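Novice: Mind having a look at this structure? Questions to follow.
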Amino acid sequence: MTGFLDAATLGAELGERATLVEFSTAFCQPCRATRRVLAEVAALVDGVAHVEIDAEERLELIRALGVVRTPTVLVLDRAGRIVRRASGQPRKADVIAALGQAV
(Lines give C-alpha, C1' and ligand atoms only; values in the text may rest on other atoms or scores of the structure.)
Protein backbone atom coordinates (compact mmCIF):
# COMPACT_ATOMS: atom_id res chain seq x y z
CA MET A 1 0.00 0.00 0.00
CA THR A 2 1.35 3.39 -0.94
CA GLY A 3 1.12 6.50 1.19
CA PHE A 4 -1.96 7.59 -0.76
CA LEU A 5 -5.67 6.81 -0.46
CA ASP A 6 -8.21 7.70 -3.14
CA ALA A 7 -11.98 8.07 -3.10
CA ALA A 8 -12.49 4.60 -4.56
CA THR A 9 -10.41 2.99 -1.81
CA LEU A 10 -12.12 4.99 0.94
CA GLY A 11 -15.61 4.61 -0.46
CA ALA A 12 -16.13 8.36 0.00
CA GLU A 13 -15.04 11.58 -1.64
CA LEU A 14 -11.89 13.33 -0.46
CA GLY A 15 -12.16 16.82 1.00
CA GLU A 16 -11.17 19.76 -1.21
CA ARG A 17 -8.31 20.66 1.15
CA ALA A 18 -7.87 17.64 3.44
CA THR A 19 -9.56 14.48 4.68
CA LEU A 20 -9.74 13.04 8.20
CA VAL A 21 -10.03 9.24 7.99
CA GLU A 22 -11.12 7.43 11.14
CA PHE A 23 -10.88 3.66 11.53
CA SER A 24 -13.32 2.57 14.22
CA THR A 25 -15.34 -0.38 15.50
CA ALA A 26 -18.91 -0.54 16.77
CA PHE A 27 -18.08 -1.22 20.42
CA CYS A 28 -15.11 1.13 20.77
CA GLN A 29 -15.94 3.87 23.32
CA PRO A 30 -13.03 6.17 22.32
CA CYS A 31 -14.19 5.85 18.69
CA ARG A 32 -17.45 7.63 19.53
CA ALA A 33 -15.63 10.57 21.08
CA THR A 34 -13.18 10.61 18.16
CA ARG A 35 -16.09 10.72 15.71
CA ARG A 36 -17.45 13.82 17.47
CA VAL A 37 -14.07 15.58 17.53
CA LEU A 38 -13.36 14.90 13.85
CA ALA A 39 -16.87 15.91 12.78
CA GLU A 40 -16.52 19.19 14.72
CA VAL A 41 -13.15 19.95 13.13
CA ALA A 42 -14.45 19.10 9.64
CA ALA A 43 -17.39 21.48 10.24
CA LEU A 44 -15.03 24.24 11.41
CA VAL A 45 -12.44 24.05 8.63
CA ASP A 46 -13.60 24.69 5.06
CA GLY A 47 -12.77 21.98 2.56
CA VAL A 48 -12.11 19.27 5.15
CA ALA A 49 -14.03 15.98 5.02
CA HIS A 50 -14.42 13.34 7.73
CA VAL A 51 -14.64 9.72 6.61
CA GLU A 52 -15.31 6.96 9.13
CA ILE A 53 -14.42 3.41 8.16
CA ASP A 54 -15.63 0.36 10.08
CA ALA A 55 -12.47 -1.64 10.69
CA GLU A 56 -14.36 -4.93 10.89
CA GLU A 57 -15.89 -4.41 7.43
CA ARG A 58 -12.63 -3.32 5.75
CA LEU A 59 -10.08 -5.86 6.99
CA GLU A 60 -8.05 -5.81 3.75
CA LEU A 61 -7.57 -2.05 4.01
CA ILE A 62 -6.78 -2.29 7.73
CA ARG A 63 -4.10 -4.87 7.07
CA ALA A 64 -2.66 -2.96 4.11
CA LEU A 65 -2.30 0.17 6.24
CA GLY A 66 -1.03 -1.67 9.32
CA VAL A 67 -3.83 -0.42 11.57
CA VAL A 68 -3.61 -2.36 14.85
CA ARG A 69 -6.05 -0.50 17.12
CA THR A 70 -9.10 1.70 16.99
CA PRO A 71 -9.52 4.52 16.77
CA THR A 72 -6.75 5.23 14.30
CA VAL A 73 -6.89 8.55 12.45
CA LEU A 74 -5.16 9.41 9.19
CA VAL A 75 -4.86 12.97 7.92
CA LEU A 76 -4.77 13.14 4.12
CA ASP A 77 -3.85 16.15 2.03
CA ARG A 78 -5.97 17.19 -0.96
CA ALA A 79 -4.31 14.55 -3.17
CA GLY A 80 -4.96 11.75 -0.66
CA ARG A 81 -1.36 11.55 0.61
CA ILE A 82 -1.13 10.42 4.24
CA VAL A 83 0.56 13.26 6.12
CA ARG A 84 -0.22 12.28 9.73
CA ARG A 85 -1.29 9.16 11.57
CA ALA A 86 -2.32 8.69 15.20
CA SER A 87 -3.92 6.01 17.36
CA GLY A 88 -6.19 6.66 20.29
CA GLN A 89 -8.63 9.45 20.98
CA PRO A 90 -7.26 12.77 19.66
CA ARG A 91 -7.69 16.19 21.18
CA LYS A 92 -9.39 18.78 19.00
CA ALA A 93 -6.32 21.07 19.11
CA ASP A 94 -4.08 18.22 17.94
CA VAL A 95 -6.36 17.47 14.99
CA ILE A 96 -6.38 21.14 13.96
CA ALA A 97 -2.58 21.25 14.24
CA ALA A 98 -2.24 18.08 12.14
CA LEU A 99 -4.46 19.65 9.47
CA GLY A 100 -1.89 22.43 9.22
CA GLN A 101 0.48 19.92 7.61
CA ALA A 102 -2.13 18.87 5.08
CA VAL A 103 -3.53 22.17 3.83
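Chains: A, B, ... in order of the C-alpha coordinates. Residues: from 1 per chain. Ligands: from 1, in order shown.
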Neighbours of His50 of chain A within 10 Å (only C-alpha atoms; same-chain residues fewer than 5 positions away dropped), as a list of chain:residue names?
Specialist: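 What passes the distance filter is A:Ala12, A:Glu13, A:Leu14, A:Gly15, A:Ala18, A:Thr19, A:Leu20, A:Val21, A:Glu22, A:Arg35, A:Leu38, A:Ala39, A:Glu40, A:Val41, A:Ala42, A:Ala43, A:Val75.
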Novice: Go ahead and write the residues just picked, N, CA and C atoms, as a PDB file, in the first residue's frame.
Specialist:
```pdb
ATOM      1  N   ALA A  12     -15.580   7.019  -0.243  1.00  0.00           N
ATOM      2  CA  ALA A  12     -16.134   8.357   0.004  1.00  0.00           C
ATOM      3  C   ALA A  12     -15.235   9.377  -0.682  1.00  0.00           C
ATOM      4  N   GLU A  13     -15.802  10.526  -0.985  1.00  0.00           N
ATOM      5  CA  GLU A  13     -15.037  11.582  -1.641  1.00  0.00           C
ATOM      6  C   GLU A  13     -14.029  12.209  -0.679  1.00  0.00           C
ATOM      7  N   LEU A  14     -12.886  12.593  -1.236  1.00  0.00           N
ATOM      8  CA  LEU A  14     -11.886  13.326  -0.458  1.00  0.00           C
ATOM      9  C   LEU A  14     -12.341  14.767  -0.283  1.00  0.00           C
ATOM     10  N   GLY A  15     -11.876  15.405   0.792  1.00  0.00           N
ATOM     11  CA  GLY A  15     -12.157  16.816   0.999  1.00  0.00           C
ATOM     12  C   GLY A  15     -11.376  17.660   0.001  1.00  0.00           C
ATOM     13  N   ALA A  18      -8.429  18.723   2.623  1.00  0.00           N
ATOM     14  CA  ALA A  18      -7.872  17.642   3.439  1.00  0.00           C
ATOM     15  C   ALA A  18      -8.996  16.679   3.821  1.00  0.00           C
ATOM     16  N   THR A  19      -8.597  15.481   4.264  1.00  0.00           N
ATOM     17  CA  THR A  19      -9.564  14.476   4.684  1.00  0.00           C
ATOM     18  C   THR A  19      -9.089  13.843   5.981  1.00  0.00           C
ATOM     19  N   LEU A  20     -10.003  13.725   6.936  1.00  0.00           N
ATOM     20  CA  LEU A  20      -9.741  13.036   8.197  1.00  0.00           C
ATOM     21  C   LEU A  20     -10.371  11.652   8.081  1.00  0.00           C
ATOM     22  N   VAL A  21      -9.544  10.613   8.119  1.00  0.00           N
ATOM     23  CA  VAL A  21     -10.029   9.239   7.987  1.00  0.00           C
ATOM     24  C   VAL A  21      -9.931   8.575   9.351  1.00  0.00           C
ATOM     25  N   GLU A  22     -11.076   8.090   9.837  1.00  0.00           N
ATOM     26  CA  GLU A  22     -11.123   7.426  11.140  1.00  0.00           C
ATOM     27  C   GLU A  22     -11.456   5.954  10.948  1.00  0.00           C
ATOM     28  N   ARG A  35     -15.146  10.351  16.766  1.00  0.00           N
ATOM     29  CA  ARG A  35     -16.094  10.715  15.709  1.00  0.00           C
ATOM     30  C   ARG A  35     -16.601  12.145  15.930  1.00  0.00           C
ATOM     31  N   LEU A  38     -13.676  14.749  15.278  1.00  0.00           N
ATOM     32  CA  LEU A  38     -13.355  14.898  13.848  1.00  0.00           C
ATOM     33  C   LEU A  38     -14.490  15.576  13.089  1.00  0.00           C
ATOM     34  N   ALA A  39     -15.730  15.262  13.439  1.00  0.00           N
ATOM     35  CA  ALA A  39     -16.872  15.912  12.783  1.00  0.00           C
ATOM     36  C   ALA A  39     -16.887  17.406  13.098  1.00  0.00           C
ATOM     37  N   GLU A  40     -16.569  17.765  14.342  1.00  0.00           N
ATOM     38  CA  GLU A  40     -16.515  19.190  14.720  1.00  0.00           C
ATOM     39  C   GLU A  40     -15.430  19.916  13.947  1.00  0.00           C
ATOM     40  N   VAL A  41     -14.256  19.315  13.852  1.00  0.00           N
ATOM     41  CA  VAL A  41     -13.148  19.950  13.128  1.00  0.00           C
ATOM     42  C   VAL A  41     -13.499  20.078  11.643  1.00  0.00           C
ATOM     43  N   ALA A  42     -14.077  19.042  11.058  1.00  0.00           N
ATOM     44  CA  ALA A  42     -14.454  19.096   9.637  1.00  0.00           C
ATOM     45  C   ALA A  42     -15.492  20.190   9.402  1.00  0.00           C
ATOM     46  N   ALA A  43     -16.382  20.416  10.368  1.00  0.00           N
ATOM     47  CA  ALA A  43     -17.386  21.477  10.236  1.00  0.00           C
ATOM     48  C   ALA A  43     -16.759  22.863  10.391  1.00  0.00           C
ATOM     49  N   VAL A  75      -4.602  11.652   8.511  1.00  0.00           N
ATOM     50  CA  VAL A  75      -4.862  12.967   7.921  1.00  0.00           C
ATOM     51  C   VAL A  75      -4.291  12.925   6.510  1.00  0.00           C
TER      52      VAL A  75
END
```
Novice: For Val37 of chain A, find every residue with an atom within 10 Å (counting only C-alpha atoms), except residues of its own chain fewer than 4 positions away, and show them as number ranges by chain.
Specialist: A: 31-33, 41-43, 89-93, 95
Novice: Could you pull out the residues in chain A that DSSP calls helix (DSSP H, G or I) from the backbone, as a short mmCIF file (atom, residue, chain, number, x, y, z; two decimals) with N, CA and C atoms, in the first residue's frame?
Specialist:
```cif
data_model
loop_
_atom_site.label_atom_id
_atom_site.label_comp_id
_atom_site.auth_asym_id
_atom_site.auth_seq_id
_atom_site.Cartn_x
_atom_site.Cartn_y
_atom_site.Cartn_z
N ALA A 7 -10.56 8.17 -3.42
CA ALA A 7 -11.98 8.07 -3.10
C ALA A 7 -12.51 6.65 -3.29
N ALA A 8 -12.03 5.96 -4.31
CA ALA A 8 -12.49 4.60 -4.56
C ALA A 8 -12.09 3.67 -3.41
N THR A 9 -10.88 3.82 -2.91
CA THR A 9 -10.41 2.99 -1.81
C THR A 9 -11.17 3.29 -0.52
N LEU A 10 -11.42 4.57 -0.28
CA LEU A 10 -12.12 4.99 0.94
C LEU A 10 -13.62 4.71 0.87
N GLN A 29 -15.50 2.62 22.67
CA GLN A 29 -15.94 3.87 23.32
C GLN A 29 -15.14 5.08 22.83
N PRO A 30 -13.79 5.01 22.80
CA PRO A 30 -13.03 6.17 22.32
C PRO A 30 -13.35 6.54 20.87
N CYS A 31 -13.83 5.57 20.09
CA CYS A 31 -14.19 5.85 18.69
C CYS A 31 -15.35 6.83 18.62
N ARG A 32 -16.30 6.72 19.53
CA ARG A 32 -17.45 7.63 19.53
C ARG A 32 -17.01 9.06 19.79
N ALA A 33 -16.13 9.23 20.77
CA ALA A 33 -15.63 10.57 21.08
C ALA A 33 -14.79 11.10 19.92
N THR A 34 -14.01 10.22 19.31
CA THR A 34 -13.18 10.61 18.16
C THR A 34 -14.06 11.06 17.01
N ARG A 35 -15.15 10.35 16.77
CA ARG A 35 -16.09 10.72 15.71
C ARG A 35 -16.60 12.15 15.93
N ARG A 36 -16.96 12.46 17.17
CA ARG A 36 -17.45 13.82 17.47
C ARG A 36 -16.38 14.88 17.23
N VAL A 37 -15.17 14.62 17.69
CA VAL A 37 -14.07 15.58 17.53
C VAL A 37 -13.79 15.82 16.05
N LEU A 38 -13.68 14.75 15.28
CA LEU A 38 -13.36 14.90 13.85
C LEU A 38 -14.49 15.58 13.09
N ALA A 39 -15.73 15.26 13.44
CA ALA A 39 -16.87 15.91 12.78
C ALA A 39 -16.89 17.41 13.10
N GLU A 40 -16.57 17.77 14.34
CA GLU A 40 -16.52 19.19 14.72
C GLU A 40 -15.43 19.92 13.95
N VAL A 41 -14.26 19.31 13.85
CA VAL A 41 -13.15 19.95 13.13
C VAL A 41 -13.50 20.08 11.64
N ALA A 42 -14.08 19.04 11.06
CA ALA A 42 -14.45 19.10 9.64
C ALA A 42 -15.49 20.19 9.40
N ALA A 43 -16.38 20.42 10.37
CA ALA A 43 -17.39 21.48 10.24
C ALA A 43 -16.76 22.86 10.39
N LEU A 44 -15.70 22.95 11.16
CA LEU A 44 -15.03 24.24 11.41
C LEU A 44 -14.12 24.68 10.27
N LEU A 59 -11.29 -5.21 6.48
CA LEU A 59 -10.08 -5.86 6.99
C LEU A 59 -8.89 -5.79 6.02
N GLU A 60 -9.17 -5.89 4.72
CA GLU A 60 -8.05 -5.81 3.75
C GLU A 60 -7.35 -4.46 3.83
N LEU A 61 -8.14 -3.39 3.92
CA LEU A 61 -7.57 -2.05 4.01
C LEU A 61 -6.82 -1.87 5.33
N ILE A 62 -7.41 -2.37 6.41
CA ILE A 62 -6.78 -2.29 7.73
C ILE A 62 -5.41 -2.96 7.70
N ARG A 63 -5.37 -4.14 7.14
CA ARG A 63 -4.10 -4.87 7.07
C ARG A 63 -3.10 -4.16 6.17
N ALA A 64 -3.55 -3.65 5.04
CA ALA A 64 -2.66 -2.96 4.11
C ALA A 64 -2.03 -1.72 4.74
N LEU A 65 -2.80 -1.05 5.59
CA LEU A 65 -2.30 0.17 6.24
C LEU A 65 -1.62 -0.10 7.57
N LYS A 92 -8.99 17.90 20.09
CA LYS A 92 -9.39 18.78 19.00
C LYS A 92 -8.22 19.65 18.52
N ALA A 93 -7.46 20.21 19.46
CA ALA A 93 -6.32 21.07 19.11
C ALA A 93 -5.28 20.30 18.31
N ASP A 94 -5.07 19.03 18.66
CA ASP A 94 -4.08 18.22 17.94
C ASP A 94 -4.53 17.94 16.51
N VAL A 95 -5.83 17.72 16.33
CA VAL A 95 -6.36 17.47 14.99
C VAL A 95 -6.19 18.72 14.13
N ILE A 96 -6.51 19.87 14.70
CA ILE A 96 -6.38 21.14 13.96
C ILE A 96 -4.92 21.37 13.60
N ALA A 97 -4.01 21.10 14.52
CA ALA A 97 -2.58 21.25 14.24
C ALA A 97 -2.13 20.30 13.14
N ALA A 98 -2.62 19.07 13.17
CA ALA A 98 -2.24 18.08 12.14
C ALA A 98 -2.75 18.52 10.76
N LEU A 99 -3.92 19.16 10.74
CA LEU A 99 -4.46 19.65 9.47
C LEU A 99 -3.53 20.71 8.86
N GLY A 100 -2.82 21.41 9.70
CA GLY A 100 -1.89 22.43 9.22
C GLY A 100 -0.83 21.84 8.30
N GLN A 101 -0.50 20.57 8.49
CA GLN A 101 0.48 19.92 7.61
C GLN A 101 -0.15 19.49 6.29
N ALA A 102 -1.45 19.39 6.26
CA ALA A 102 -2.13 18.87 5.08
C ALA A 102 -2.62 19.96 4.14
#
```
Novice: Report as a PyMOL selection string: the residues of segment 23-61 of chain A with a DSSP assignment of strand (DSSP E or B), based on the backbone of this structure.
Specialist: chain A and resi 23-24+48-54
Novice: Skip Cys28 of chain A itself and residues of its chain fewer than 4 positions away, then list as JSON, numbers by chain all residues within 9 Å of it, counting only C-alpha atoms.
Specialist: {"A": [24, 32, 70, 71]}
Novice: Which residue out of A:Val103, A:Ala86, A:Ala26, A:Ala79 has the minimum interatomic distance to Ile53 of chain A when only C-alpha atoms are used?
Specialist: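 Using only C-alpha atoms, Ile53 of chain A sits closest to A:Ala26.
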Novice: Using only C-alpha atoms, which residue out of A:Arg78, A:Phe27, A:Gly66, A:Val83 lies closest to Gly47 of chain A?
Specialist: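 Of A:Arg78, A:Phe27, A:Gly66, A:Val83, the one nearest Gly47 of chain A is A:Arg78, counting only C-alpha atoms.
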Novice: To one decimal place in Å, what is the distance between atom CA of Glu56 of chain A and atom CA of Ile82 of chain A?
Specialist: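 Value for the atom CA of Glu56 of chain A-atom CA of Ile82 of chain A distance: 21.3 Å.
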Novice: Quick one: residues within 6 Å of Asp54 of chain A, only C-alpha atoms counted, chain neighbours fewer than 3 positions away excluded, as a ChimeraX atom specification?
Specialist: /A:23-25,57
